[in-house]
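Colleague: Shown below is the structure under consideration.
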Amino acid sequence: MDQDQFSLQETKLVVEEKNALLLQSAGPTPQIISIKQQLEQDGKNKLGSVAKEVLTVLLADLSSFGNGLILGYSAIALPQLQHPDSWLPVDEDEASWIASLSALSSALGCILVGFLMDQFGRKRTLQMQCVPTFIGWILIALSSNVLTLYAGRLLTGLGGGMVDCTIQVYISEITTPILRNYLASTPSLVFSMGMLVVYVMGASHLQWNVVAATCASVPLLHFLVMHFLPESPVWLRAKGKHTLADQAMRWLNKRSDDSNCFRAQDTTDTTSAWESLVSKHSRRPLLVMLVFFFFQQFCGMNAVIFYAVQIFQSADSGVLSSNQSAVVIGVARLIVICLSCVILSKIGRRPVSIISGVGMSVSMITLGTIMQLQETPSLAVSLTCMTGFIAFNTFGFLVIPWVMLGELLPEKCRGLASGLITCIVYIFIFTVVKSYPYMLALLGESLVFLIFGTISIIGTTFVYFFLPETKGKTLLEIEHSFRK
């Protein structure tokens with residue numbers, strides 16, 4: 001009986017082997033060939049799409065690199081201008097205006113950008129900002145008096161204010177949800193690179209006017225690069241330019257019927273941008289973003305950025321000069337933001353923001369307490385606490401509000417609302433940067449840093465209770481979540 005079973009199994013194996021050989025000799029069926037070719041083509045298209053999205057985002061991010069130069073410039077220029085041997089001397093009040101005027105004009109740029117984005121598109125708006133930025137840098141480089149410096153800072157700020165919300169909206173509309181988790185934070189990464197570059201130029205003892213002339217090349221390059229990049233398919237479809245939208249999708253190696261992956265717009269919605277802005281569905285995301293940005297700015301982030309060199313000049317001298325200490329902060333900021341780009345795609349916006357807020361609070365309260373106990377702390381202590389504050393701030397509170405600016409706002413009013421919010425943010429920046437020297441004179445460094453630490457604690461509490469999670473969600477899913 002066992003032999004019969006063995007013989008039967010052996011016969012079945014022989015038959016199956018022969019059948020396999022017959023199929024192999026006959027070759028694959030047309031259906032199998034078609035499926036295989038389609039899979040191979042889809043794989044190639046997907047890889048090409050990823051490459052095009054990454055390339056487009058990185059080239060567009062040149063605008064954020066330029067913003068990093070603008071915001072970091074005062075940190076290296078003011079010590080030179082206030083030096084006793086300066087050929088263009090400025091007093092404390094003039095220095096505070098030079099530091100803060102760019103933020104004031106950035107608010108105007110943000111008001112303009114909402115209209116420009118909706119009227120002319122995301123790509124053209126990014127090109128338009130290059131014009132005032134380039135002229136501003138040239139004016140600063142050629143300045144022979146303080147008024148010309150003011151004019152240059154106002155123009156660079158005007159151009160810079162047109163960047164932040166535009167680049168975030170542009171990235172959110174040309175990338176898939178998965179890639180957006182990684183690429184949405186690249187503007188902050190490139191912004192930090194710009195700040196580091198300007199700090200390095202200051203540490204290299206380049207004159208402030210030479211630095212300005214060098215910075216003028218960035219908006220010129222960015223204007224040329226943007227000419228070769230596609231417009232947002234979302235904006236094109238919203239304007240009824242379906243042929244151009246399909247061309248943009250093909251440029252990104254996407255099929256035209258994939259555009260729904262990017263679009264957050266409800267095609268049955270006929271409300272205008274202003275009507276959408278004041279609707280009850282828009283109020284909550286608008287309020288969340290405004291409050292989040294309030295805590296981002298009033299925790300002292302830009303006070304440290306704009307006055308980094310002066311902060312270290314007030315400490316005891318050590319191994320590093322004040323300019324070199326600013327470079328250390330720039331390097332730490334860059335490293336942490338690289339880490340943040342990866343972590344954001346893994347654990348989401350909320351946990352990263354909470355960790356960031358706790359770290360900022362500890363760093364600032366520690367520095368303020370040490371300054372209460374020691375009138376002049378060592379450079380090592382100041383550098384450690386400031387680097388910790390910058391690192392934790394960059395890890396979350398610096399990056400995430402800008403990432404979410406392109407995610408939370410409804411598509412119908414995204415351009416208008418992001419411009420309005422960014423305008424208010426720059427008013428926050430102007431208020432903090434302009435008032436910082438007067439706060440120091442009135443309250444002293446230790447109390448100012450303790451106030452910054454306390455605000456960081458309150459901001460962290462707000463994030464814990466009110467900030468929604470957007471990781472891995474499409475723009476349409478995020479918008480619908482606020483309609484429930």
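Chain labels A, B, ... are given in the sequence in which chains occur in the structure tokens; within each chain residues are numbered consecutively from 1, and ligands are likewise numbered from 1 in the order shown.
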Dump as a Markdown table the rows for residues of stretch 269-298 of chain A within 10 Å of stretch 470-479 of chain A: closest atom pair and distance in Å with one decimal, only C-alpha atoms counted, ordered by chain and rising residue number.

Modeller:
```
| residue | atom | partner | partner_atom | distance |
| --- | --- | --- | --- | --- |
| A:His281 | CA | A:Glu479 | CA | 8.6 |
| A:Ser282 | CA | A:Glu479 | CA | 9.0 |
| A:Pro285 | CA | A:Glu479 | CA | 9.1 |
```

Colleague: With distances taken over only C-alpha atoms, which residue among A:Thr461, A:Ser106, A:Ser418, A:Ser49 lies nearest A:Thr176?

Modeller: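 Smallest distance to A:Thr176 is found for A:Ser49.
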
Colleague: Could you pull out the residues in stretch 126-351 of chain A that DSSP calls alpha helix (DSSP H) from the backbone, as number ranges by chain?

Modeller: A: 126-128, 130-141, 146-161, 164-174, 177-183, 186-203, 208-215, 217-226, 233-238, 242-251, 273-277, 280-298, 301-306, 308-313, 322-347, 349-351

Colleague: Need the shell around A:Leu224: protein/DNA/RNA residues with any atom at most 10 Å away, counting only C-alpha atoms. Skip same-chain ones fewer than 4 positions apart. Format as a count of residues only?

Modeller: 6

Colleague: Just the residues within 8 Å of stretch 140-146 of chain A, please, counting only C-alpha atoms, with nothing from its chain fewer than 5 positions along; format it as a list in words.

Modeller: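 Residues meeting the cut-off are Leu88, Val90, Glu94, Ala151, Gly152, Arg153, Trp208, Asn209, Val210, Val211, Ala212 and Ala213 of chain A.
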
Colleague: Rounded to one decimal in Å, what is the spacing between atom CA of A:Ile335 and atom CA of A:Pro437?

Modeller: 29.2 Å

Colleague: For A:Cys338, find every residue with an atom within 12 Å (counting only C-alpha atoms), except residues of its own chain fewer than 6 positions away, and show them as a list of chain:residue names.

Modeller: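 My reading of the contact set: A:Tyr182, A:Leu183, A:Ser185, A:Thr186, A:Pro187, A:Ser188, A:Leu189, A:Val190, A:Phe191, A:Ser192, A:Met193, A:Val331, A:Ala332, A:Leu344, A:Ser345, A:Ala391, A:Thr394, A:Phe395, A:Gly396, A:Val399.
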
Colleague: Let me make sure I understand: among A:Ser363, A:Gln372, A:Ser105, A:Ser74, which one has the smallest atom-to-atom distance to A:Thr387 if we use only C-alpha atoms?

Modeller: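 Answer, going by the shortest atom-to-atom distance: A:Ser363.
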
Colleague: Quick one: residues within 12 Å of A:Ser279, only C-alpha atoms counted, chain neighbours fewer than 6 positions away excluded, as a ChimeraX atom specification?

Modeller: /A:271-273,285-286,409-410,412-413,417,482-483

Colleague: What does the structure give for the distance between atom CA of A:Ile455 and atom CA of A:Phe295, in Å to one decimal?

Modeller: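 Between atom CA of A:Ile455 and atom CA of A:Phe295 the gap works out to 6.8 Å.
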